[in-house]
$ cat structure.csv   # CSV, C-alpha atoms
chain,number,residue,atom,x,y,z
Y,59,MET,CA,42.1,-7.9,-8.7
Y,60,VAL,CA,39.2,-10.0,-10.2
Y,61,GLY,CA,41.5,-13.0,-10.4
Y,62,LEU,CA,42.4,-12.7,-6.7
Y,63,LYS,CA,38.8,-12.5,-5.8
Y,64,LEU,CA,38.0,-15.7,-7.7
Y,65,LEU,CA,40.9,-17.6,-6.2
Y,66,ALA,CA,39.7,-16.7,-2.7
Y,67,LEU,CA,36.3,-18.2,-3.3
Y,68,PRO,CA,35.5,-21.6,-1.7
Y,69,LEU,CA,35.2,-24.3,-4.3
Y,70,ARG,CA,31.7,-25.2,-3.1
Y,71,TYR,CA,30.4,-22.0,-4.8
Y,72,LYS,CA,31.6,-23.3,-8.2
Y,73,PRO,CA,32.8,-19.8,-9.5
Y,74,TRP,CA,34.1,-21.4,-12.7
Y,75,ARG,CA,30.6,-22.1,-14.0
Y,76,PRO,CA,29.8,-19.6,-16.8
Y,77,ARG,CA,26.6,-18.3,-15.2
Y,78,HIS,CA,28.4,-17.8,-11.8
Y,79,LEU,CA,31.4,-16.2,-13.4
Y,80,CYS,CA,29.2,-13.8,-15.3
Y,81,LEU,CA,27.5,-12.8,-12.1
Y,82,ILE,CA,30.8,-12.3,-10.3
Y,83,LEU,CA,32.2,-10.2,-13.1
Y,84,ARG,CA,29.0,-8.1,-13.2
Y,85,GLU,CA,29.4,-7.4,-9.5
Y,86,VAL,CA,33.0,-6.1,-10.0
Y,87,GLU,CA,31.7,-3.4,-12.3
Y,88,PRO,CA,30.4,-0.3,-10.4
Y,89,SER,CA,26.7,-0.1,-10.1
Y,90,GLY,CA,24.6,3.1,-10.2
Y,91,GLY,CA,23.7,5.4,-13.0
Y,92,PRO,CA,20.2,6.1,-14.2
Y,93,LEU,CA,17.5,3.6,-13.5
Y,94,GLU,CA,15.9,2.0,-16.6
Y,95,TYR,CA,12.6,0.6,-15.1
Y,96,SER,CA,9.6,1.9,-13.2
Y,97,HIS,CA,8.5,0.7,-9.8
Y,98,ALA,CA,5.8,-1.3,-11.5
Y,99,GLU,CA,8.3,-3.1,-13.7
Y,100,HIS,CA,10.6,-3.9,-10.8
Y,101,LEU,CA,7.6,-5.1,-8.7
Y,102,ARG,CA,6.3,-7.3,-11.5
Y,103,ALA,CA,9.8,-8.9,-11.9
Y,104,ALA,CA,10.1,-9.6,-8.2
Y,105,VAL,CA,6.6,-11.1,-7.9
Y,106,ASP,CA,7.1,-13.2,-11.0
Y,107,TRP,CA,10.3,-14.5,-9.6
Y,108,LEU,CA,8.6,-15.4,-6.3
Y,109,CYS,CA,5.9,-17.3,-8.3
Y,110,ARG,CA,8.7,-19.3,-10.1
Y,111,ALA,CA,10.2,-20.0,-6.7
Y,112,GLN,CA,6.9,-21.4,-5.6
Y,113,ASP,CA,6.5,-23.4,-8.8
Y,114,MET,CA,9.9,-25.0,-8.3
Y,115,ARG,CA,8.4,-27.0,-5.4
Y,116,ASP,CA,5.5,-28.4,-7.5
Y,117,GLY,CA,5.5,-32.2,-7.3
Y,118,GLN,CA,7.6,-32.2,-4.2
Y,119,ALA,CA,6.7,-32.9,-0.6
Y,120,ASP,CA,6.8,-29.1,0.1
Y,121,ALA,CA,4.5,-28.2,-2.8
Y,122,GLY,CA,2.7,-24.9,-2.1
Y,123,GLY,CA,5.7,-23.5,-0.2
Y,124,VAL,CA,8.1,-21.0,-1.7
Y,125,SER,CA,11.7,-22.0,-2.4
Y,126,ALA,CA,14.0,-20.3,0.0
Y,127,GLY,CA,15.8,-19.0,-3.1
Y,128,TRP,CA,18.5,-19.8,-5.6
Y,129,SER,CA,22.2,-20.2,-4.7
Y,130,PHE,CA,25.4,-20.9,-6.5
Y,131,GLU,CA,26.0,-23.9,-4.3
Y,132,ASP,CA,22.6,-25.7,-4.4
Y,133,GLY,CA,20.5,-24.1,-7.1
Y,134,TRP,CA,16.9,-23.9,-6.1
Y,135,LEU,CA,16.5,-24.5,-2.4
Y,136,PRO,CA,13.6,-26.3,-0.5
Y,137,GLY,CA,10.4,-24.5,0.5
Y,138,TYR,CA,11.0,-22.3,3.5
Y,139,PRO,CA,8.1,-22.2,6.1
Y,140,GLU,CA,9.3,-19.1,7.8
Y,141,THR,CA,9.5,-16.8,4.8
Y,142,THR,CA,6.6,-18.4,3.0
Y,143,GLY,CA,4.6,-17.2,6.0
Y,144,TYR,CA,5.1,-13.6,5.4
Y,145,ILE,CA,5.2,-13.9,1.6
Y,146,ILE,CA,1.4,-14.7,1.9
Y,147,GLU,CA,0.7,-11.1,2.9
Y,148,THR,CA,2.8,-9.8,0.0
Y,149,PHE,CA,0.8,-11.8,-2.6
Y,150,LEU,CA,-2.5,-10.8,-1.1
Y,151,ALA,CA,-1.5,-7.1,-1.3
Y,152,VAL,CA,-0.3,-7.3,-4.9
Y,153,ALA,CA,-3.4,-9.3,-5.8
Y,154,GLU,CA,-5.5,-6.5,-4.4
Y,155,TYR,CA,-3.7,-3.4,-5.6
Y,156,LEU,CA,-2.5,-4.6,-9.0
Y,157,GLY,CA,-5.5,-6.8,-9.9
Y,158,ARG,CA,-3.7,-10.1,-10.0
Y,159,PRO,CA,-6.3,-12.5,-8.5
Y,160,GLN,CA,-4.1,-15.6,-9.3
Y,161,LEU,CA,-1.8,-14.5,-6.5
Y,162,THR,CA,-4.6,-15.1,-4.0
Y,163,ALA,CA,-4.9,-18.7,-5.1
Y,164,ARG,CA,-1.1,-19.0,-4.7
Y,165,ALA,CA,-1.4,-17.5,-1.2
Y,166,GLN,CA,-4.1,-20.1,-0.4
Y,167,ARG,CA,-1.7,-22.9,-1.4
Y,168,MET,CA,1.0,-21.4,0.8
Y,169,ILE,CA,-1.4,-21.4,3.8
Y,170,ASP,CA,-2.4,-25.0,3.1
Y,171,TRP,CA,1.2,-26.1,3.1
Y,172,GLU,CA,1.9,-24.2,6.4
Y,173,LEU,CA,-1.1,-25.8,8.1
Y,174,SER,CA,0.1,-29.2,7.1
Y,175,LEU,CA,3.4,-28.6,9.0
Y,176,GLN,CA,2.0,-27.6,12.4
Y,177,GLY,CA,2.5,-30.1,15.2
Y,178,ALA,CA,0.0,-31.2,17.8
Y,179,ASP,CA,1.7,-28.8,20.3
Y,180,GLY,CA,1.1,-25.8,18.0
Y,181,ALA,CA,4.8,-25.5,16.9
Y,182,PHE,CA,6.0,-25.3,13.3
Y,183,PRO,CA,9.3,-26.8,12.3
Y,184,GLY,CA,12.3,-24.6,11.9
Y,185,HIS,CA,14.6,-24.2,9.0
Y,186,PHE,CA,13.2,-26.1,5.9
Y,187,GLY,CA,11.1,-28.5,8.0
Y,188,GLU,CA,13.5,-31.4,7.4
Y,189,PRO,CA,13.5,-34.3,9.8
Y,190,GLY,CA,15.1,-33.3,13.1
Y,191,SER,CA,14.6,-29.6,12.6
Y,192,HIS,CA,13.4,-27.9,15.8
Y,193,PRO,CA,10.9,-25.0,16.2
Y,194,VAL,CA,12.4,-21.5,16.3
Y,195,ILE,CA,10.6,-18.6,18.0
Y,196,PHE,CA,11.2,-16.1,15.2
Y,197,ASN,CA,10.2,-18.5,12.5
Y,198,GLN,CA,7.0,-19.3,14.4
Y,199,GLY,CA,6.1,-15.7,14.5
Y,200,GLN,CA,6.6,-15.2,10.8
Y,201,ILE,CA,4.3,-18.1,9.9
Y,202,MET,CA,1.8,-16.6,12.2
Y,203,HIS,CA,1.9,-13.4,10.1
Y,204,GLY,CA,0.7,-15.5,7.2
Y,205,LEU,CA,-2.1,-17.1,9.4
Y,206,VAL,CA,-3.2,-13.6,10.4
Y,207,ALA,CA,-3.5,-12.6,6.8
Y,208,GLY,CA,-5.4,-15.8,6.0
Y,209,TYR,CA,-7.9,-15.1,8.8
Y,210,THR,CA,-8.3,-11.3,8.3
Y,211,GLN,CA,-8.2,-11.1,4.5
Y,212,LEU,CA,-9.4,-14.6,3.4
Y,213,GLU,CA,-11.8,-15.3,6.3
Y,214,ARG,CA,-10.2,-18.7,7.0
Y,215,ALA,CA,-11.2,-19.7,10.5
Y,216,ASP,CA,-8.7,-22.5,10.4
Y,217,CYS,CA,-6.0,-19.9,10.2
Y,218,LEU,CA,-7.1,-18.3,13.5
Y,219,GLU,CA,-7.3,-21.7,15.1
Y,220,ALA,CA,-3.8,-22.6,14.0
Y,221,ALA,CA,-2.5,-19.1,15.1
Y,222,LEU,CA,-3.9,-19.5,18.5
Y,223,ALA,CA,-2.2,-22.9,18.9
Y,224,ALA,CA,1.0,-21.4,17.7
Y,225,GLY,CA,0.7,-18.5,20.1
Y,226,ARG,CA,0.1,-20.8,23.1
Y,227,TRP,CA,3.3,-22.6,22.2
Y,228,MET,CA,5.2,-19.3,22.1
Y,229,LEU,CA,3.9,-18.3,25.5
Y,230,ALA,CA,5.1,-21.5,27.0
Y,231,GLN,CA,8.6,-20.7,25.9
Y,232,GLN,CA,8.8,-17.1,27.3
Y,233,ASP,CA,10.9,-16.3,30.3
Y,234,ALA,CA,9.6,-14.1,33.1
Y,235,ASP,CA,11.4,-11.0,31.9
Y,236,GLY,CA,9.8,-11.3,28.5
Y,237,CYS,CA,12.8,-12.6,26.7
Y,238,PHE,CA,12.9,-15.8,24.7
Y,239,ARG,CA,15.9,-18.0,25.4
Y,240,LYS,CA,14.6,-21.4,24.4
Y,241,PHE,CA,14.0,-22.5,20.8
Y,242,GLU,CA,16.3,-19.7,19.6
Y,243,HIS,CA,18.5,-19.5,16.5
Y,244,HIS,CA,22.0,-20.5,17.7
Y,245,GLY,CA,20.6,-21.0,21.2
Y,246,VAL,CA,20.9,-17.3,22.1
Y,247,PRO,CA,18.2,-14.6,22.6
Y,248,HIS,CA,17.5,-12.0,19.9
Y,249,VAL,CA,15.9,-8.5,20.0
Y,250,TYR,CA,14.6,-9.1,16.5
Y,251,ASN,CA,11.9,-11.4,18.0
Y,252,THR,CA,10.0,-8.1,18.2
Y,253,ARG,CA,8.8,-9.0,14.7
Y,254,ALA,CA,7.5,-12.3,16.0
Y,255,VAL,CA,5.6,-10.8,18.9
Y,256,TRP,CA,4.0,-8.3,16.5
Y,257,ALA,CA,2.2,-11.4,15.1
Y,258,LEU,CA,1.5,-12.6,18.6
Y,259,ALA,CA,-0.1,-9.3,19.6
Y,260,SER,CA,-2.2,-9.3,16.4
Y,261,VAL,CA,-3.6,-12.8,17.2
Y,262,GLY,CA,-4.2,-11.7,20.8
Y,263,LEU,CA,-6.3,-8.7,19.8
Y,264,LEU,CA,-8.2,-10.6,17.1
Y,265,ALA,CA,-9.1,-13.5,19.4
Y,266,ASN,CA,-9.4,-11.5,22.6
Y,267,GLU,CA,-6.6,-13.3,24.3
Y,268,PRO,CA,-5.1,-10.9,26.8
Y,269,ALA,CA,-2.3,-13.3,27.7
Y,270,PHE,CA,-1.0,-13.0,24.1
Y,271,VAL,CA,-1.0,-9.2,24.3
Y,272,MET,CA,0.7,-9.2,27.7
Y,273,ALA,CA,3.4,-11.6,26.4
Y,274,ALA,CA,4.0,-9.3,23.4
Y,275,LYS,CA,4.4,-6.3,25.6
Y,276,LYS,CA,6.8,-8.1,27.9
Y,277,ASN,CA,9.0,-9.0,25.0
Y,278,LEU,CA,8.9,-5.5,23.5
Y,279,ASP,CA,9.8,-4.0,27.0
Y,280,TRP,CA,12.7,-6.4,27.2
Y,281,ALA,CA,13.9,-5.3,23.8
Y,282,LEU,CA,13.9,-1.7,25.0
Y,283,THR,CA,16.4,-2.7,27.7
Y,284,GLN,CA,18.8,-3.7,24.9
Y,285,GLN,CA,18.7,-0.3,23.1
Y,286,THR,CA,21.7,2.0,23.6
Y,287,PRO,CA,21.4,5.8,23.6
Y,288,CYS,CA,22.1,6.1,19.9
Y,289,GLY,CA,19.3,3.7,19.1
Y,290,TRP,CA,21.4,0.6,18.2
Y,291,PHE,CA,20.3,-2.7,19.7
Y,292,ALA,CA,22.5,-5.1,21.6
Y,293,THR,CA,21.7,-8.9,21.6
Y,294,ASN,CA,20.5,-8.5,18.0
Y,295,ALA,CA,23.1,-10.4,15.9
Y,296,PHE,CA,22.6,-14.0,14.9
Y,297,VAL,CA,25.5,-15.1,17.1
Y,298,PRO,CA,27.1,-13.4,20.2
Y,299,GLY,CA,30.1,-11.2,19.7
Y,300,ARG,CA,29.2,-10.1,16.1
Y,301,SER,CA,27.7,-6.9,14.8
Y,302,PRO,CA,24.0,-7.2,13.8
Y,303,TYR,CA,23.1,-7.1,10.1
Y,304,THR,CA,20.9,-4.3,8.9
Y,305,HIS,CA,18.5,-7.3,8.2
Y,306,THR,CA,18.1,-8.0,11.9
Y,307,ILE,CA,18.2,-4.3,12.9
Y,308,ALA,CA,15.3,-3.7,10.5
Y,309,TYR,CA,13.4,-6.7,11.9
Y,310,ALA,CA,13.7,-5.2,15.4
Y,311,ILE,CA,12.6,-1.7,14.3
Y,312,ARG,CA,9.5,-3.1,12.4
Y,313,GLY,CA,8.4,-5.2,15.3
Y,314,LEU,CA,8.6,-2.2,17.6
Y,315,LEU,CA,6.8,0.3,15.4
Y,316,GLU,CA,4.0,-2.2,14.6
Y,317,GLY,CA,3.8,-3.1,18.3
Y,318,ALA,CA,3.3,0.6,18.9
Y,319,VAL,CA,0.5,0.8,16.4
Y,320,LEU,CA,-1.3,-2.3,17.7
Y,321,LEU,CA,-0.9,-1.6,21.4
Y,322,GLY,CA,-1.0,2.2,21.5
Y,323,GLU,CA,2.4,2.3,23.3
Y,324,GLU,CA,4.4,5.5,22.5
Y,325,ARG,CA,7.6,4.1,24.0
Y,326,TYR,CA,7.9,1.5,21.3
Y,327,LEU,CA,7.4,4.1,18.5
Y,328,ASP,CA,10.1,6.3,20.1
Y,329,ALA,CA,12.6,3.4,20.2
Y,330,ALA,CA,11.8,2.6,16.5
Y,331,LEU,CA,12.3,6.2,15.5
Y,332,ARG,CA,15.6,6.5,17.4
Y,333,ALA,CA,17.0,3.5,15.6
Y,334,ALA,CA,15.6,4.4,12.1
Y,335,ARG,CA,16.9,7.9,12.3
Y,336,GLY,CA,20.3,6.7,13.4
Y,337,LEU,CA,20.6,4.5,10.3
Y,338,ALA,CA,19.3,7.2,8.1
Y,339,ARG,CA,22.2,9.4,9.1
Y,340,CYS,CA,24.5,6.5,8.0
Y,341,GLN,CA,23.0,6.2,4.6
Y,342,ARG,CA,25.0,7.2,1.5
Y,343,SER,CA,23.5,9.4,-1.1
Y,344,ASP,CA,23.0,6.4,-3.4
Y,345,GLY,CA,21.0,4.5,-0.7
Y,346,TRP,CA,23.8,2.2,0.4
Y,347,LEU,CA,24.1,1.0,4.0
Y,348,ALA,CA,26.9,-1.1,5.4
Y,349,SER,CA,25.9,-4.7,6.0
Y,350,THR,CA,26.6,-4.6,9.8
Y,351,TYR,CA,26.9,-1.9,12.4
Y,352,ASP,CA,28.2,-1.7,15.9
Y,353,ASP,CA,27.1,0.5,18.8
Y,354,GLY,CA,27.3,4.2,17.8
Y,355,TRP,CA,26.3,3.1,14.3
Y,356,THR,CA,29.9,2.3,13.4
Y,357,PRO,CA,30.0,0.3,10.2
Y,358,THR,CA,31.8,-3.0,10.5
Y,359,ALA,CA,31.5,-4.3,6.9
Y,360,GLY,CA,32.4,-2.9,3.5
Y,361,TYR,CA,29.6,-4.5,1.6
Y,362,ALA,CA,25.8,-4.1,1.7
Y,363,CYS,CA,23.1,-6.5,3.0
Y,364,VAL,CA,20.6,-5.8,0.2
Y,365,THR,CA,17.8,-7.5,2.1
Y,366,GLY,CA,18.3,-5.1,5.0
Y,367,ILE,CA,18.3,-2.1,2.8
Y,368,ALA,CA,14.9,-3.1,1.3
Y,369,GLN,CA,13.6,-3.7,4.9
Y,370,MET,CA,14.8,-0.3,6.0
Y,371,ALA,CA,12.9,1.3,3.1
Y,372,LEU,CA,9.8,-0.3,4.6
Y,373,CYS,CA,10.6,0.9,8.1
Y,374,TRP,CA,11.2,4.5,7.0
Y,375,MET,CA,8.0,4.5,5.0
Y,376,ARG,CA,5.9,3.1,7.8
Y,377,LEU,CA,7.3,5.6,10.3
Y,378,ALA,CA,6.5,8.4,7.8
Y,379,GLN,CA,2.9,7.1,7.5
Y,380,ILE,CA,2.5,6.8,11.3
Y,381,THR,CA,4.2,10.1,12.4
Y,382,GLY,CA,3.4,12.3,9.4
Y,383,ASP,CA,7.2,13.1,9.1
Y,384,ALA,CA,7.6,13.2,5.3
Y,385,SER,CA,11.3,13.6,5.6
Y,386,LEU,CA,11.5,9.9,6.5
Y,387,ARG,CA,10.4,9.0,2.9
Y,388,ASP,CA,13.7,10.4,1.5
Y,389,PRO,CA,15.9,7.6,2.9
Y,390,ALA,CA,13.3,5.1,1.9
Y,391,GLN,CA,13.3,6.2,-1.7
Y,392,ARG,CA,17.1,6.2,-1.8
Y,393,ALA,CA,17.1,2.7,-0.4
Y,394,ILE,CA,14.6,1.5,-3.1
Y,395,ALA,CA,16.8,3.0,-5.8
Y,396,TYR,CA,19.8,1.2,-4.5
Y,397,VAL,CA,18.0,-2.2,-4.5
Y,398,LYS,CA,16.7,-1.5,-8.0
Y,399,HIS,CA,20.3,-1.4,-9.2
Y,400,THR,CA,20.9,-5.0,-7.9
Y,401,GLN,CA,17.9,-6.6,-9.7
Y,402,ARG,CA,17.8,-7.9,-13.2
Y,403,VAL,CA,14.3,-6.9,-14.5
Y,404,GLN,CA,14.2,-8.4,-18.0
Y,405,SER,CA,17.4,-10.1,-18.8
Y,406,GLY,CA,18.9,-13.4,-17.5
Y,407,PRO,CA,17.7,-16.9,-16.9
Y,408,ASP,CA,14.5,-17.7,-15.0
Y,409,GLU,CA,16.2,-18.4,-11.7
Y,410,LEU,CA,17.8,-14.9,-11.7
Y,411,ARG,CA,15.4,-12.6,-13.6
Y,412,GLY,CA,13.6,-10.6,-10.9
Y,413,ALA,CA,15.7,-12.0,-8.1
Y,414,VAL,CA,17.3,-9.8,-5.5
Y,415,PRO,CA,20.7,-10.8,-4.0
Y,416,GLY,CA,21.4,-11.2,-0.4
Y,417,SER,CA,24.6,-9.1,-0.5
Y,418,ALA,CA,26.2,-6.5,-2.8
Y,419,PRO,CA,28.7,-7.5,-4.0
Y,420,ILE,CA,27.2,-11.0,-4.3
Y,421,TRP,CA,30.2,-12.5,-2.3
Y,422,GLY,CA,29.4,-10.5,0.8
Y,423,ALA,CA,28.9,-12.6,3.9
Y,424,TYR,CA,25.1,-12.2,4.2
Y,425,SER,CA,23.5,-15.0,2.1
Y,426,ARG,CA,26.7,-15.3,0.1
Y,427,PHE,CA,26.1,-16.1,-3.6
Y,428,GLU,CA,22.4,-16.5,-2.9
Y,429,PHE,CA,19.2,-14.8,-4.1
Y,430,PRO,CA,16.9,-15.3,-1.0
Y,431,ASN,CA,13.2,-15.2,-1.4
Y,432,TRP,CA,12.8,-12.7,1.5
Y,433,ALA,CA,14.9,-10.1,-0.3
Y,434,ALA,CA,12.5,-10.2,-3.2
Y,435,LYS,CA,9.5,-10.2,-0.8
Y,436,PHE,CA,10.7,-7.1,1.1
Y,437,PHE,CA,11.6,-5.3,-2.1
Y,438,ALA,CA,8.2,-6.0,-3.5
Y,439,ASP,CA,6.5,-4.6,-0.3
Y,440,ALA,CA,8.7,-1.5,-0.4
Y,441,LEU,CA,7.9,-0.8,-4.1
Y,442,LEU,CA,4.1,-1.3,-3.6
Y,443,MET,CA,4.0,0.8,-0.4
Y,444,ASP,CA,5.8,3.6,-2.2
Y,445,MET,CA,3.5,3.3,-5.3
Y,446,VAL,CA,0.1,3.4,-3.5
Y,447,ASP,CA,1.0,4.5,0.1
Y,448,ALA,CA,-0.5,1.2,1.4
Y,449,VAL,CA,0.2,-0.5,4.6
Y,450,ILE,CA,1.5,-4.0,4.1
Y,451,PRO,CA,0.2,-6.0,5.9
Y,452,PRO,CA,-2.9,-4.1,6.7
Y,453,VAL,CA,-3.3,-3.2,10.4
Y,454,PRO,CA,-6.1,-5.2,12.0
Y,455,GLN,CA,-9.1,-3.1,12.9
Y,456,VAL,CA,-8.8,-4.2,16.5
Y,457,ALA,CA,-5.5,-2.2,16.9
Y,458,LYS,CA,-5.6,0.2,19.8
Y,459,GLY,CA,-3.8,3.0,17.9
Y,460,LEU,CA,-1.1,5.4,18.9
Y,461,VAL,CA,-1.2,8.2,21.4
Y,462,ARG,CA,-0.2,10.8,18.8

$ encode --input "structure.csv" --output "structure tokens"
Amino acid sequence: MVGLKLLALPLRYKPWRPRHLCLILREVEPSGGPLEYSHAEHLRAAVDWLCRAQDMRDGQADAGGVSAGWSFEDGWLPGYPETTGYIIETFLAVAEYLGRPQLTARAQRMIDWELSLQGADGAFPGHFGEPGSHPVIFNQGQIMHGLVAGYTQLERADCLEAALAAGRWMLAQQDADGCFRKFEHHGVPHVYNTRAVWALASVGLLANEPAFVMAAKKNLDWALTQQTPCGWFATNAFVPGRSPYTHTIAYAIRGLLEGAVLLGEERYLDAALRAARGLARCQRSDGWLASTYDDGWTPTAGYACVTGIAQMALCWMRLAQITGDASLRDPAQRAIAYVKHTQRVQSGPDELRGAVPGSAPIWGAYSRFEFPNWAAKFFADALLMDMVDAVIPPVPQVAKGLVR
């Protein structure tokens, strides 16, 4: 069976290399069993790996950014503006709660790199910022999350100025119904842009820009039109005709629930709860979720998107914090336990120790044979939130709050 799996792998992944082969064989063995390490040890491993991912860009044009991750095909990847944006808030949270002030300096370097990329029109480059890359609405919003953290937590006025310019660019791309159809990944609209307009709403409230808040509401309202009775979202996959990953489902849920907190709109919270409870009913006792789901929460894949599981842990914990429904912490903790089984805490080479894979098994279709930085980021957030019951990122004091 293992031999057949290896023969089926595309040659570009170089499965014959000893390190790659060891990882593949490790994935063939069933995971599970008792966990060896505490939350704090797993968190330290994830954050240390993210630090190494940033250090890998030292001396390069993208110095200060965080490498997108490590892959079988390419090794360490270039700095990724989108995910570096929201890693900023993770480093600031770990610096505060775990007393690691050096992470604040790292976050400052990330911000400086992001600001160096912004164009005169307020847009940030998409993908890795390579020549010819075009802005993407979702990526723009994730960078804005980092700018909000820079302004609210580090008191950097340049971050608010840049966030305002970025938000004005986003507003110029929005259609009348609230949907974004221009500057979209694969040229199609996505419900998961709710996570981008979460940042837009934050900037609008912080800077007293009603147009930003209204644009965020319009997009969140459009997202509600895409939700089916069971809570699943249409128009939420990377490409049309595919089932969405738990990764993008969790993005959509988080944007809606945080939009509810910021704007005081009960309907966004109700939509987030419907989706989150639907996925909780699908979860196995070991925390596993299928990588993709169709309407009715029908699984359409036999492997896990580890990133999405970490993200759902965050969504369930945030909803428990907001609603007071402690039962939502149970699926969150099962999800964290599952992700723990996929992370090497103390063993392995630097590029793998502390990393979190995109898929389990590692040859699953989501970030195949990759350890993306956003998987480690969301896992770190989930661990810290469960340890100290924090909110990451902190809710701006200008939030209007919920009805309940």

$ closest_residue --input "structure.csv" --among "Y:Asp444, Y:Lys240, Y:Asp352, Y:Gly360" --to "Arg392 of chain Y" --atoms "all atoms listed in the file"
Y:Asp444

$ residues_near_point --input "structure.csv" --point "(4.2, -7.1, -5.5)" --cutoff "9 Å" --atoms "only C-alpha atoms" --output "list in words"
Ala98, His100, Leu101, Arg102, Ala103, Ala104, Val105, Asp106, Thr148, Phe149, Leu150, Ala151, Val152, Ala153, Tyr155, Leu156, Lys435, Phe437, Ala438, Asp439, Ala440, Leu441 and Leu442 of chain Y

$ write_last_selection --input "structure.csv" --atoms "C-alpha atoms" --output "tab-separated table (two decimals), in the frame of the given file"
chain	number	residue	atom	x	y	z
Y	98	ALA	CA	5.80	-1.30	-11.50
Y	100	HIS	CA	10.60	-3.90	-10.80
Y	101	LEU	CA	7.60	-5.10	-8.70
Y	102	ARG	CA	6.30	-7.30	-11.50
Y	103	ALA	CA	9.80	-8.90	-11.90
Y	104	ALA	CA	10.10	-9.60	-8.20
Y	105	VAL	CA	6.60	-11.10	-7.90
Y	106	ASP	CA	7.10	-13.20	-11.00
Y	148	THR	CA	2.80	-9.80	0.00
Y	149	PHE	CA	0.80	-11.80	-2.60
Y	150	LEU	CA	-2.50	-10.80	-1.10
Y	151	ALA	CA	-1.50	-7.10	-1.30
Y	152	VAL	CA	-0.30	-7.30	-4.90
Y	153	ALA	CA	-3.40	-9.30	-5.80
Y	155	TYR	CA	-3.70	-3.40	-5.60
Y	156	LEU	CA	-2.50	-4.60	-9.00
Y	435	LYS	CA	9.50	-10.20	-0.80
Y	437	PHE	CA	11.60	-5.30	-2.10
Y	438	ALA	CA	8.20	-6.00	-3.50
Y	439	ASP	CA	6.50	-4.60	-0.30
Y	440	ALA	CA	8.70	-1.50	-0.40
Y	441	LEU	CA	7.90	-0.80	-4.10
Y	442	LEU	CA	4.10	-1.30	-3.60

$ residues_around --input "structure.csv" --residues "segment 267-278 of chain Y" --least-positions-apart "5" --cutoff "10 Å" --atoms "all atoms listed in the file" --output "short mmCIF file (atom, residue, chain, number, x, y, z; two decimals) with C-alpha atoms, in the coordinates of the input"
data_model
loop_
_atom_site.label_atom_id
_atom_site.label_comp_id
_atom_site.auth_asym_id
_atom_site.auth_seq_id
_atom_site.Cartn_x
_atom_site.Cartn_y
_atom_site.Cartn_z
CA LEU Y 222 -3.90 -19.50 18.50
CA GLY Y 225 0.70 -18.50 20.10
CA ARG Y 226 0.10 -20.80 23.10
CA MET Y 228 5.20 -19.30 22.10
CA LEU Y 229 3.90 -18.30 25.50
CA GLN Y 232 8.80 -17.10 27.30
CA ASP Y 233 10.90 -16.30 30.30
CA ALA Y 234 9.60 -14.10 33.10
CA ASP Y 235 11.40 -11.00 31.90
CA GLY Y 236 9.80 -11.30 28.50
CA CYS Y 237 12.80 -12.60 26.70
CA PHE Y 238 12.90 -15.80 24.70
CA VAL Y 249 15.90 -8.50 20.00
CA TYR Y 250 14.60 -9.10 16.50
CA ASN Y 251 11.90 -11.40 18.00
CA THR Y 252 10.00 -8.10 18.20
CA ARG Y 253 8.80 -9.00 14.70
CA ALA Y 254 7.50 -12.30 16.00
CA VAL Y 255 5.60 -10.80 18.90
CA TRP Y 256 4.00 -8.30 16.50
CA ALA Y 257 2.20 -11.40 15.10
CA LEU Y 258 1.50 -12.60 18.60
CA ALA Y 259 -0.10 -9.30 19.60
CA SER Y 260 -2.20 -9.30 16.40
CA VAL Y 261 -3.60 -12.80 17.20
CA GLY Y 262 -4.20 -11.70 20.80
CA THR Y 283 16.40 -2.70 27.70
CA ALA Y 310 13.70 -5.20 15.40
CA GLY Y 313 8.40 -5.20 15.30
CA LEU Y 314 8.60 -2.20 17.60
CA GLY Y 317 3.80 -3.10 18.30
CA ALA Y 318 3.30 0.60 18.90
CA LEU Y 320 -1.30 -2.30 17.70
CA LEU Y 321 -0.90 -1.60 21.40
CA GLU Y 323 2.40 2.30 23.30
CA ARG Y 325 7.60 4.10 24.00
CA TYR Y 326 7.90 1.50 21.30
#

$ closest_residue --input "structure.csv" --among "Y:Arg164, Y:Ala215, Y:Gly133, Y:Glu140" --to "Ile201 of chain Y" --atoms "all atoms listed in the file"
Y:Glu140

$ residues_near_point --input "structure.csv" --point "(22.4, -7.5, 19.7)" --cutoff "10 Å" --atoms "all atoms listed in the file" --output "PyMOL selection string"
chain Y and resi 247-250+281+284-285+290-303+306-307+310+352-353

$ residues_around --input "structure.csv" --residues "Asp170 of chain Y" --least-positions-apart "3" --cutoff "10 Å" --atoms "only C-alpha atoms" --output "list in words"
Ala121, Gly122, Gly123, Arg164, Ala165, Gln166, Arg167, Leu173, Ser174, Leu175, Asp216 and Cys217 of chain Y

$ closest_residue --input "structure.csv" --among "Y:Glu409, Y:Leu331, Y:Val397, Y:Trp355" --to "Met114 of chain Y" --atoms "only C-alpha atoms"
Y:Glu409

$ atom_distance --input "structure.csv" --atom1 "atom CA of Ser191 of chain Y" --atom2 "atom CA of Glu428 of chain Y"
21.7 Å

$ atom_distance --input "structure.csv" --atom1 "atom CA of Pro452 of chain Y" --atom2 "atom CA of Gln198 of chain Y"
19.7 Å

$ closest_residue --input "structure.csv" --among "Y:Pro136, Y:Gly187, Y:Gly422, Y:Pro415" --to "Lys398 of chain Y" --atoms "only C-alpha atoms"
Y:Pro415

$ atom_distance --input "structure.csv" --atom1 "atom CA of Thr142 of chain Y" --atom2 "atom CA of Pro183 of chain Y"
12.8 Å

$ closest_residue --input "structure.csv" --among "Y:Thr400, Y:Thr210, Y:Ser385, Y:Ser417" --to "Thr304 of chain Y" --atoms "all atoms listed in the file"
Y:Ser417
